[in-house]
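> See work32.cif below, with mmCIF, C-alpha atoms.
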data_start
#
loop_
_atom_site.label_atom_id
_atom_site.label_comp_id
_atom_site.auth_asym_id
_atom_site.auth_seq_id
_atom_site.Cartn_x
_atom_site.Cartn_y
_atom_site.Cartn_z
CA MET A 1 -11.21 9.98 -32.99
CA ALA A 2 -12.52 8.73 -29.65
CA TRP A 3 -15.72 7.43 -31.28
CA GLU A 4 -13.83 5.19 -33.73
CA GLU A 5 -11.81 3.69 -30.87
CA PHE A 6 -14.90 3.27 -28.73
CA LEU A 7 -16.80 1.58 -31.58
CA LYS A 8 -14.36 -1.35 -31.93
CA GLY A 9 -16.14 -4.58 -31.05
CA LYS A 10 -19.39 -2.79 -30.16
CA LYS A 11 -21.07 -2.19 -33.53
CA GLN A 12 -23.75 -4.81 -32.87
CA LYS A 13 -24.70 -3.46 -29.44
CA LYS A 14 -28.20 -1.98 -29.43
CA ASP A 15 -27.37 1.02 -27.26
CA VAL A 16 -24.36 1.84 -29.46
CA GLN A 17 -26.46 1.60 -32.64
CA GLN A 18 -29.06 3.91 -31.13
CA PHE A 19 -26.40 6.46 -30.23
CA GLN A 20 -24.83 6.20 -33.67
CA PHE A 21 -28.17 6.78 -35.41
CA ASN A 22 -27.95 10.45 -34.33
CA LEU A 23 -24.17 10.47 -33.92
CA MET A 24 -23.36 14.07 -34.82
CA ASP A 25 -26.24 15.48 -32.77
CA ASN A 26 -25.18 13.37 -29.78
CA ILE A 27 -21.52 14.37 -30.09
CA LEU A 28 -22.40 18.06 -30.50
CA SER A 29 -24.67 17.84 -27.46
CA LEU A 30 -21.90 16.28 -25.38
CA ASN A 31 -19.41 18.88 -26.59
CA ARG A 32 -21.82 21.70 -25.77
CA ASP A 33 -22.38 20.40 -22.22
CA LEU A 34 -18.63 20.10 -21.68
CA SER A 35 -17.97 23.60 -23.03
CA ASN A 36 -20.73 25.13 -20.90
CA GLY A 37 -19.73 23.23 -17.79
CA THR A 38 -23.17 21.63 -17.63
CA TYR A 39 -22.12 18.01 -18.28
CA ARG A 40 -23.44 15.55 -15.72
CA HIS A 41 -22.49 11.88 -15.74
CA GLY A 42 -25.45 9.49 -16.05
CA LYS A 43 -26.38 6.44 -14.02
CA TYR A 44 -24.87 2.96 -14.32
CA TYR A 45 -26.33 -0.35 -15.38
CA GLU A 46 -25.18 -3.01 -12.91
CA PHE A 47 -24.56 -6.70 -13.67
CA ASN A 48 -22.52 -9.61 -12.29
CA ILE A 49 -19.72 -11.61 -13.91
CA SER A 50 -17.34 -14.37 -12.81
CA ASP A 51 -13.81 -13.39 -13.78
CA PRO A 52 -13.01 -15.92 -12.24
CA LYS A 53 -14.37 -14.76 -8.89
CA PRO A 54 -17.73 -12.95 -8.78
CA ARG A 55 -17.52 -9.25 -9.60
CA ILE A 56 -20.06 -6.48 -9.99
CA ILE A 57 -19.63 -4.50 -13.22
CA HIS A 58 -21.09 -1.01 -13.59
CA LYS A 59 -21.75 -0.04 -17.20
CA ALA A 60 -22.19 3.63 -18.06
CA THR A 61 -24.28 5.00 -20.92
CA VAL A 62 -22.78 5.21 -24.41
CA ARG A 63 -22.57 9.00 -24.06
CA ASP A 64 -20.56 8.74 -20.86
CA ARG A 65 -18.38 5.89 -22.10
CA LEU A 66 -17.51 7.96 -25.18
CA LEU A 67 -16.32 10.71 -22.85
CA HIS A 68 -14.30 8.15 -20.87
CA HIS A 69 -12.47 7.22 -24.07
CA ALA A 70 -11.76 10.85 -24.92
CA VAL A 71 -10.46 11.51 -21.40
CA TYR A 72 -8.32 8.38 -21.51
CA ARG A 73 -6.78 9.34 -24.88
CA VAL A 74 -5.71 12.72 -23.51
CA LEU A 75 -4.57 11.75 -20.02
CA TYR A 76 -2.99 8.33 -20.55
CA PRO A 77 0.25 9.52 -22.21
CA PHE A 78 0.60 12.36 -19.69
CA PHE A 79 0.36 10.07 -16.65
CA ASP A 80 2.05 7.04 -18.18
CA ASP A 81 5.30 8.99 -18.37
CA THR A 82 5.19 9.41 -14.58
CA PHE A 83 4.73 5.70 -13.79
CA ILE A 84 7.59 3.42 -12.80
CA ALA A 85 8.85 0.90 -15.36
CA ASP A 86 7.78 -2.08 -13.27
CA SER A 87 4.06 -1.28 -13.10
CA PHE A 88 2.48 -3.58 -15.70
CA SER A 89 -1.32 -3.42 -15.47
CA CYS A 90 -3.43 -1.62 -18.11
CA ARG A 91 -0.46 -0.02 -19.85
CA ILE A 92 0.59 -0.05 -23.50
CA ASP A 93 3.45 -2.49 -24.20
CA LYS A 94 3.18 -3.95 -20.70
CA GLY A 95 0.72 -6.65 -19.53
CA THR A 96 0.97 -10.02 -17.78
CA HIS A 97 3.56 -11.60 -20.09
CA LYS A 98 5.96 -8.67 -19.70
CA ALA A 99 5.41 -8.81 -15.93
CA MET A 100 6.25 -12.52 -15.86
CA ALA A 101 9.38 -11.93 -17.92
CA ARG A 102 10.42 -9.24 -15.44
CA PHE A 103 9.74 -11.69 -12.61
CA LYS A 104 12.20 -14.13 -14.19
CA THR A 105 14.81 -11.38 -14.65
CA PHE A 106 14.62 -10.30 -11.01
CA ALA A 107 14.66 -13.93 -9.84
CA ASN A 108 17.85 -14.55 -11.81
CA ILE A 109 19.53 -11.43 -10.42
CA VAL A 110 18.63 -11.91 -6.75
CA SER A 111 19.30 -15.66 -6.76
CA ARG A 112 22.52 -15.08 -8.68
CA ASN A 113 21.39 -17.61 -11.26
CA ASN A 114 20.02 -19.96 -8.62
CA THR A 115 23.20 -20.10 -6.51
CA LYS A 116 21.74 -18.07 -3.59
CA THR A 117 18.42 -18.18 -1.73
CA CYS A 118 15.95 -15.74 -3.24
CA TRP A 119 13.11 -14.65 -0.95
CA ILE A 120 9.94 -13.19 -2.48
CA LEU A 121 7.30 -11.19 -0.64
CA LYS A 122 3.86 -11.40 -2.26
CA CYS A 123 0.99 -9.08 -1.25
CA ASP A 124 -2.22 -7.62 -2.58
CA ILE A 125 -4.71 -4.93 -1.58
CA LYS A 126 -7.97 -5.86 0.10
CA LYS A 127 -11.01 -4.87 -2.01
CA PHE A 128 -8.85 -2.51 -4.03
CA PHE A 129 -11.27 -0.78 -6.43
CA ALA A 130 -14.01 -0.59 -3.81
CA SER A 131 -11.60 1.02 -1.31
CA ILE A 132 -10.10 3.84 -3.40
CA ASP A 133 -10.79 7.15 -1.67
CA GLN A 134 -12.31 9.54 -4.20
CA ASN A 135 -11.14 12.68 -2.37
CA ILE A 136 -7.54 11.48 -2.25
CA LEU A 137 -7.68 10.55 -5.94
CA LEU A 138 -9.10 13.96 -6.85
CA ASN A 139 -6.38 15.71 -4.84
CA ILE A 140 -3.72 13.76 -6.74
CA LEU A 141 -5.31 14.66 -10.08
CA ASP A 142 -5.73 18.30 -9.06
CA GLU A 143 -2.04 18.55 -8.17
CA ARG A 144 -0.97 17.11 -11.54
CA ILE A 145 -3.42 18.76 -13.96
CA LYS A 146 -3.22 22.51 -14.51
CA ASP A 147 -6.47 22.90 -16.48
CA LYS A 148 -9.14 22.92 -13.77
CA ARG A 149 -11.90 22.46 -16.35
CA ILE A 150 -10.49 19.00 -16.97
CA VAL A 151 -10.31 18.38 -13.24
CA ALA A 152 -13.99 19.35 -12.94
CA VAL A 153 -14.93 16.78 -15.61
CA LEU A 154 -12.85 14.12 -13.86
CA GLN A 155 -14.55 14.97 -10.58
CA ASN A 156 -17.93 14.52 -12.26
CA ILE A 157 -16.89 11.08 -13.55
CA ILE A 158 -15.37 9.94 -10.25
CA GLU A 159 -18.23 11.15 -8.06
CA SER A 160 -20.84 9.59 -10.37
CA PHE A 161 -20.13 6.25 -8.72
CA ASN A 162 -21.62 5.35 -5.36
CA SER A 163 -20.29 2.15 -3.82
CA GLY A 164 -22.47 2.44 -0.73
CA ARG A 165 -19.69 4.14 1.20
CA PRO A 166 -19.43 7.95 0.91
CA ARG A 167 -16.82 9.14 -1.60
CA THR A 168 -15.27 5.69 -1.91
CA GLY A 169 -14.63 3.32 -4.80
CA LEU A 170 -14.27 3.25 -8.57
CA PRO A 171 -16.58 1.28 -10.90
CA LEU A 172 -15.29 -1.88 -12.54
CA GLY A 173 -16.30 -1.16 -16.11
CA ASN A 174 -15.12 2.40 -16.69
CA LEU A 175 -12.07 2.74 -18.93
CA THR A 176 -11.08 5.71 -16.79
CA SER A 177 -10.98 3.47 -13.70
CA GLN A 178 -8.01 1.61 -15.17
CA LEU A 179 -6.07 4.85 -15.48
CA PHE A 180 -7.23 6.30 -12.17
CA SER A 181 -6.22 3.14 -10.30
CA ASN A 182 -2.69 3.37 -11.71
CA VAL A 183 -2.52 7.07 -10.84
CA TYR A 184 -3.61 6.19 -7.30
CA MET A 185 -1.18 3.30 -6.84
CA ASN A 186 1.66 5.28 -8.39
CA GLU A 187 1.87 7.05 -5.04
CA PHE A 188 2.68 3.68 -3.47
CA ASP A 189 5.07 2.75 -6.30
CA GLN A 190 7.05 5.95 -5.74
CA PHE A 191 7.16 5.30 -1.98
CA VAL A 192 8.46 1.77 -2.52
CA LYS A 193 11.10 2.82 -5.04
CA HIS A 194 12.31 6.12 -3.56
CA LYS A 195 11.60 5.94 0.17
CA LEU A 196 12.08 2.25 0.84
CA LYS A 197 14.51 2.05 -2.09
CA LEU A 198 13.35 -1.42 -3.08
CA LYS A 199 14.98 -2.20 -6.40
CA TYR A 200 13.33 -5.50 -7.25
CA TYR A 201 9.62 -4.69 -7.12
CA ILE A 202 6.85 -5.56 -9.59
CA ARG A 203 3.23 -4.44 -9.42
CA TYR A 204 0.29 -5.63 -11.49
CA ALA A 205 -2.95 -3.85 -10.46
CA ASP A 206 -3.25 -4.52 -6.73
CA ASP A 207 -0.83 -7.49 -6.66
CA PHE A 208 2.85 -6.93 -6.06
CA VAL A 209 6.02 -8.90 -5.38
CA ILE A 210 9.37 -7.88 -3.91
CA PHE A 211 12.59 -9.88 -4.26
CA SER A 212 15.42 -9.96 -1.71
CA ASP A 213 18.19 -12.19 -0.37
CA ASP A 214 17.21 -11.08 3.16
CA LYS A 215 13.99 -12.55 4.58
CA THR A 216 14.19 -10.44 7.76
CA TYR A 217 14.25 -7.23 5.71
CA LEU A 218 11.15 -8.28 3.78
CA GLU A 219 9.37 -8.97 7.07
CA GLN A 220 10.26 -5.47 8.25
CA VAL A 221 9.04 -3.63 5.13
CA ILE A 222 5.56 -5.19 5.37
CA MET A 223 4.67 -2.89 8.25
CA LEU A 224 6.17 0.16 6.53
CA MET A 225 4.14 -0.50 3.40
CA ALA A 226 0.97 -1.21 5.38
CA GLU A 227 1.36 2.10 7.25
CA PHE A 228 1.83 4.08 4.04
CA LEU A 229 -1.15 2.44 2.36
CA HIS A 230 -3.37 3.08 5.37
CA ASP A 231 -2.23 6.61 6.21
CA THR A 232 -1.79 7.99 2.68
CA LEU A 233 -4.22 6.05 0.49
CA LYS A 234 -6.67 4.52 2.99
CA LEU A 235 -5.95 1.06 1.61
CA THR A 236 -5.32 -2.19 3.47
CA LEU A 237 -3.07 -5.14 2.69
CA HIS A 238 -5.14 -8.31 2.47
CA PRO A 239 -4.17 -10.14 5.70
CA ASP A 240 -4.71 -13.59 4.17
CA LYS A 241 -2.63 -12.87 1.08
CA ILE A 242 0.69 -11.80 2.54
CA TYR A 243 3.41 -14.42 2.37
CA ILE A 244 7.15 -14.80 1.95
CA LYS A 245 8.47 -17.80 0.05
CA THR A 246 11.70 -18.86 -1.55
CA LEU A 247 11.94 -19.12 -5.30
CA ALA A 248 12.64 -22.85 -4.84
CA GLN A 249 9.25 -23.26 -3.14
CA GLY A 250 7.44 -21.60 -6.03
CA VAL A 251 5.62 -18.27 -5.95
CA ASP A 252 2.05 -17.82 -7.15
CA PHE A 253 1.81 -14.67 -9.30
CA LEU A 254 -0.48 -13.77 -12.20
CA GLY A 255 -2.02 -17.22 -12.56
CA TRP A 256 1.28 -19.12 -12.58
CA VAL A 257 3.51 -20.67 -9.94
CA HIS A 258 7.03 -19.46 -10.68
CA PHE A 259 10.28 -21.33 -10.03
CA PHE A 260 13.82 -20.49 -11.09
CA ASP A 261 13.86 -22.26 -14.46
CA HIS A 262 10.18 -22.87 -15.17
CA ARG A 263 6.61 -21.94 -14.29
CA VAL A 264 3.52 -24.10 -13.94
CA LEU A 265 -0.13 -23.17 -14.30
CA ARG A 266 -1.96 -22.48 -11.05
CA THR A 267 -4.34 -25.34 -10.21
CA VAL A 268 -7.43 -23.13 -9.99
CA THR A 269 -6.56 -21.56 -13.36
CA LYS A 270 -6.18 -25.00 -14.91
CA ASP A 271 -9.48 -26.24 -13.43
CA ARG A 272 -11.29 -23.12 -14.65
CA MET A 273 -9.88 -23.63 -18.15
CA PHE A 274 -11.11 -27.23 -18.39
CA LYS A 275 -14.57 -26.28 -17.09
CA LYS A 276 -14.80 -23.61 -19.77
CA LEU A 277 -13.66 -26.01 -22.51
CA GLU A 278 -16.24 -28.57 -21.41
CA LYS A 279 -18.95 -25.98 -22.02
CA THR A 280 -17.73 -24.54 -25.33
CA ARG A 281 -15.84 -25.73 -28.39
CA LYS A 282 -15.38 -22.32 -29.96
CA PRO A 283 -12.06 -22.20 -31.85
CA GLN A 284 -11.27 -18.71 -30.52
CA VAL A 285 -11.64 -19.93 -26.92
CA LEU A 286 -9.34 -22.87 -27.55
CA ALA A 287 -6.83 -20.65 -29.36
CA SER A 288 -6.82 -18.25 -26.41
CA TYR A 289 -6.06 -21.03 -23.93
CA LEU A 290 -3.37 -22.54 -26.17
CA GLY A 291 -1.76 -19.10 -26.30
CA LEU A 292 -1.84 -18.95 -22.50
CA LEU A 293 -0.32 -22.42 -22.18
CA GLY A 294 2.56 -21.37 -24.39
CA TYR A 295 4.00 -19.28 -21.54
CA GLY A 296 4.87 -22.16 -19.22
CA ASP A 297 5.63 -25.86 -18.84
CA THR A 298 2.28 -27.26 -19.89
CA GLY A 299 2.94 -30.23 -22.16
CA ASN A 300 0.71 -32.61 -20.20
CA ILE A 301 -2.05 -30.01 -19.96
CA LYS A 302 -1.95 -29.44 -23.72
CA GLU A 303 -2.39 -33.17 -24.29
CA LYS A 304 -5.50 -33.15 -22.09
CA VAL A 305 -6.83 -30.10 -23.95
CA PHE A 306 -6.37 -31.79 -27.33
CA HIS A 307 -8.00 -34.96 -26.03
CA LEU A 308 -10.93 -33.09 -24.50
CA THR A 309 -11.70 -30.91 -27.49
CA GLY A 310 -10.83 -33.27 -30.34
CA PHE A 311 -10.22 -30.16 -32.47
CA PHE A 312 -6.51 -30.57 -32.98
CA LYS A 313 -4.11 -33.44 -33.31
CA LYS A 314 -1.49 -33.85 -30.62
CA LEU A 315 1.49 -31.63 -31.35
#
If you convert what's in this file into structure tokens, what do you get?

Amino acid sequence: MAWEEFLKGKKQKKDVQQFQFNLMDNILSLNRDLSNGTYRHGKYYEFNISDPKPRIIHKATVRDRLLHHAVYRVLYPFFDDTFIADSFSCRIDKGTHKAMARFKTFANIVSRNNTKTCWILKCDIKKFFASIDQNILLNILDERIKDKRIVAVLQNIIESFNSGRPRTGLPLGNLTSQLFSNVYMNEFDQFVKHKLKLKYYIRYADDFVIFSDDKTYLEQVIMLMAEFLHDTLKLTLHPDKIYIKTLAQGVDFLGWVHFFDHRVLRTVTKDRMFKKLEKTRKPQVLASYLGLLGYGDTGNIKEKVFHLTGFFKKL
């Protein structure tokens, strides 16, 4: 049930407890509005976080978030089957660690086990969530989903958010935004794989890397990708975050700098970790960082963590 999934980790939240106090009445009311076509998405509560850079989160009401979960449960498996294998963000059995493992696989193949120069193009989308065109997204959903009642509900959810620009943007905070962003960027994934025929391509959210033994070719495809993003999806490559490096130089991707036979933690990630550990000694925070450090060459960093926290003996 969507409610049971939604409830995980939220039982102590006041707004959730209030909704649960009259749970059946609230669920029946939501179901009635959906059946009658009278459902209207509510307003958002806005707050700021640093994750690590400042972001504005828009939190919907419990009633609306419950609907988001129900929509996600139904639509995720339908759309996930249409996504390429090398899209790793917000997908079951994917994630950052699988993406990094795929990075290593592609690096091995293109470099021929480090005997040839491997060039890697790294890009990301400028203000990705804030730039998603709601009309384009709705057209994509309308083409894929036969039941127009579902499309009408999705339209209500999508158009409930106002970024300050007409019909533009998705809220950071909606579970549906994770799915919608992948549906949106799947258009780009398909273009890269089937039109440009780029075999060694990995995308995680709005970050992507492409591997090749030909630097000139990578330089040429930048313009082709930029044109597609602009003309088809109204998105823009971030001009300050486009670069081509060799694997030997190290490529910054998903918080790590990757080389052929090892990866090291990005400096800003390391600095952020130590600042957090200076402020808190919670075992779960430390365990989380130790888990992260297990995915790279971080022996010296672990020693500093153990020394700083005093919670564990040096391994």
> Which residue is closest to Val183 in chain A? Choose from A:Pro54, A:Pro171, A:Pro77, A:Gly95 and count all atoms listed in the file.
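Under the stated criterion, the closest residue is A:Pro77.
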> Measuring between only C-alpha atoms, which one of A:Val153, A:Ile132, A:Ile242, A:Ala101 shows the shortest distance to Asp33 in chain A?
A:Val153
> I would like the residues chosen by the PyMOL selection byres ((chain A and resi 115-119) around 9) on the shown file; could you give them as a PDB file with C-alpha atoms, keeping the file's coordinate frame?

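out24.pdb written:
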ATOM      1  CA  ALA A 107      14.660 -13.930  -9.840  1.00  0.00           C
ATOM      2  CA  ASN A 108      17.850 -14.550 -11.810  1.00  0.00           C
ATOM      3  CA  VAL A 110      18.630 -11.910  -6.750  1.00  0.00           C
ATOM      4  CA  SER A 111      19.300 -15.660  -6.760  1.00  0.00           C
ATOM      5  CA  ARG A 112      22.520 -15.080  -8.680  1.00  0.00           C
ATOM      6  CA  ASN A 113      21.390 -17.610 -11.260  1.00  0.00           C
ATOM      7  CA  ASN A 114      20.020 -19.960  -8.620  1.00  0.00           C
ATOM      8  CA  ILE A 120       9.940 -13.190  -2.480  1.00  0.00           C
ATOM      9  CA  LEU A 121       7.300 -11.190  -0.640  1.00  0.00           C
ATOM     10  CA  ILE A 210       9.370  -7.880  -3.910  1.00  0.00           C
ATOM     11  CA  PHE A 211      12.590  -9.880  -4.260  1.00  0.00           C
ATOM     12  CA  SER A 212      15.420  -9.960  -1.710  1.00  0.00           C
ATOM     13  CA  ASP A 213      18.190 -12.190  -0.370  1.00  0.00           C
ATOM     14  CA  ASP A 214      17.210 -11.080   3.160  1.00  0.00           C
ATOM     15  CA  LYS A 215      13.990 -12.550   4.580  1.00  0.00           C
ATOM     16  CA  LEU A 218      11.150  -8.280   3.780  1.00  0.00           C
ATOM     17  CA  ILE A 244       7.150 -14.800   1.950  1.00  0.00           C
ATOM     18  CA  LYS A 245       8.470 -17.800   0.050  1.00  0.00           C
ATOM     19  CA  THR A 246      11.700 -18.860  -1.550  1.00  0.00           C
ATOM     20  CA  LEU A 247      11.940 -19.120  -5.300  1.00  0.00           C
ATOM     21  CA  ALA A 248      12.640 -22.850  -4.840  1.00  0.00           C
TER      22      ALA A 248
END
> The PyMOL selection byres ((chain A and resi 231-240) around 8) on the file shown: which residues, as a list in words?
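Given this file, the PyMOL selection byres ((chain A and resi 231-240) around 8) evaluates to Cys123, Asp124, Ile125, Lys126, Phe128, Ser131, Ile132, Asp133, Ile136, Tyr184, Ala226, Glu227, Phe228, Leu229, His230, Lys241 and Ile242 of chain A.
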> Could those residues be written to a file, using C-alpha atoms, as a PDB file, keeping the file's coordinate frame?

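Final output, saved to selection-v7.pdb:
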ATOM      1  CA  CYS A 123       0.990  -9.080  -1.250  1.00  0.00           C
ATOM      2  CA  ASP A 124      -2.220  -7.620  -2.580  1.00  0.00           C
ATOM      3  CA  ILE A 125      -4.710  -4.930  -1.580  1.00  0.00           C
ATOM      4  CA  LYS A 126      -7.970  -5.860   0.100  1.00  0.00           C
ATOM      5  CA  PHE A 128      -8.850  -2.510  -4.030  1.00  0.00           C
ATOM      6  CA  SER A 131     -11.600   1.020  -1.310  1.00  0.00           C
ATOM      7  CA  ILE A 132     -10.100   3.840  -3.400  1.00  0.00           C
ATOM      8  CA  ASP A 133     -10.790   7.150  -1.670  1.00  0.00           C
ATOM      9  CA  ILE A 136      -7.540  11.480  -2.250  1.00  0.00           C
ATOM     10  CA  TYR A 184      -3.610   6.190  -7.300  1.00  0.00           C
ATOM     11  CA  ALA A 226       0.970  -1.210   5.380  1.00  0.00           C
ATOM     12  CA  GLU A 227       1.360   2.100   7.250  1.00  0.00           C
ATOM     13  CA  PHE A 228       1.830   4.080   4.040  1.00  0.00           C
ATOM     14  CA  LEU A 229      -1.150   2.440   2.360  1.00  0.00           C
ATOM     15  CA  HIS A 230      -3.370   3.080   5.370  1.00  0.00           C
ATOM     16  CA  LYS A 241      -2.630 -12.870   1.080  1.00  0.00           C
ATOM     17  CA  ILE A 242       0.690 -11.800   2.540  1.00  0.00           C
TER      18      ILE A 242
END
> Provide the CA of Thr38 in chain A to CA of Arg73 in chain A distance in Å, to one decimal place.
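Atom-to-atom, CA of Thr38 in chain A and CA of Arg73 in chain A are spaced 21.7 Å apart.
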> Can you spell out as a compact mmCIF listing (two decimals) with C-alpha atoms, keeping the file's coordinate frame the set of residues that the PyMOL selection byres ((chain A and resi 180) around 12) selects in the structure I just provided?

# COMPACT_ATOMS: atom_id res chain seq x y z
CA HIS A 68 -14.30 8.15 -20.87
CA VAL A 71 -10.46 11.51 -21.40
CA TYR A 72 -8.32 8.38 -21.51
CA LEU A 75 -4.57 11.75 -20.02
CA TYR A 76 -2.99 8.33 -20.55
CA PHE A 79 0.36 10.07 -16.65
CA ASP A 80 2.05 7.04 -18.18
CA SER A 89 -1.32 -3.42 -15.47
CA CYS A 90 -3.43 -1.62 -18.11
CA PHE A 129 -11.27 -0.78 -6.43
CA ILE A 132 -10.10 3.84 -3.40
CA ASP A 133 -10.79 7.15 -1.67
CA GLN A 134 -12.31 9.54 -4.20
CA ILE A 136 -7.54 11.48 -2.25
CA LEU A 137 -7.68 10.55 -5.94
CA LEU A 138 -9.10 13.96 -6.85
CA ASN A 139 -6.38 15.71 -4.84
CA ILE A 140 -3.72 13.76 -6.74
CA LEU A 141 -5.31 14.66 -10.08
CA LEU A 154 -12.85 14.12 -13.86
CA GLN A 155 -14.55 14.97 -10.58
CA ILE A 157 -16.89 11.08 -13.55
CA ILE A 158 -15.37 9.94 -10.25
CA GLY A 169 -14.63 3.32 -4.80
CA LEU A 170 -14.27 3.25 -8.57
CA PRO A 171 -16.58 1.28 -10.90
CA LEU A 172 -15.29 -1.88 -12.54
CA ASN A 174 -15.12 2.40 -16.69
CA LEU A 175 -12.07 2.74 -18.93
CA THR A 176 -11.08 5.71 -16.79
CA SER A 177 -10.98 3.47 -13.70
CA GLN A 178 -8.01 1.61 -15.17
CA LEU A 179 -6.07 4.85 -15.48
CA SER A 181 -6.22 3.14 -10.30
CA ASN A 182 -2.69 3.37 -11.71
CA VAL A 183 -2.52 7.07 -10.84
CA TYR A 184 -3.61 6.19 -7.30
CA MET A 185 -1.18 3.30 -6.84
CA ASN A 186 1.66 5.28 -8.39
CA GLU A 187 1.87 7.05 -5.04
CA ALA A 205 -2.95 -3.85 -10.46
> Find the residues around Asn156 in chain A up to 9 Å (all atoms listed in the file counted), leave out those fewer than 4 positions away in its own chain, and share them as a PyMOL selection string.
chain A and resi 39-41+151-152+160
> Find, counting only C-alpha atoms, the residue in A:Thr267, A:Asn162, A:Asn48, A:Gln190 that gets nearest to Phe83 in chain A.
A:Gln190
> A:Tyr201, A:Tyr217, A:Phe19, A:Phe188: which is nearest Thr105 in chain A, counting only C-alpha atoms?
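Checking each of A:Tyr201, A:Tyr217, A:Phe19, A:Phe188 against Thr105 in chain A, counting only C-alpha atoms, the winner is A:Tyr201.
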> Just give me the gap between CA of Arg32 in chain A and CA of Glu46 in chain A in Å, one decimal is fine.
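Distance reported for this atom pair: 28.1 Å.
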> Tell me which of A:Leu196, A:Leu254, A:Met100, A:Ala130 sits closest to Ile222 in chain A, counting all atoms listed in the file.
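Among the listed residues, A:Leu196 lies closest to Ile222 in chain A.
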> So the first atom is CA of Asp207 in chain A and the second is CA of His58 in chain A; what is the distance between them in Å, to one decimal place?
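Rounded to one decimal, the two atoms are 22.4 Å apart.
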> Identify which of the residues A:Tyr243, A:Phe88, A:Phe47, A:Trp3 lies closest to Arg102 in chain A, counting only C-alpha atoms when measuring atom-to-atom distances.
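Counting only C-alpha atoms, the residue closest to Arg102 in chain A is A:Phe88.
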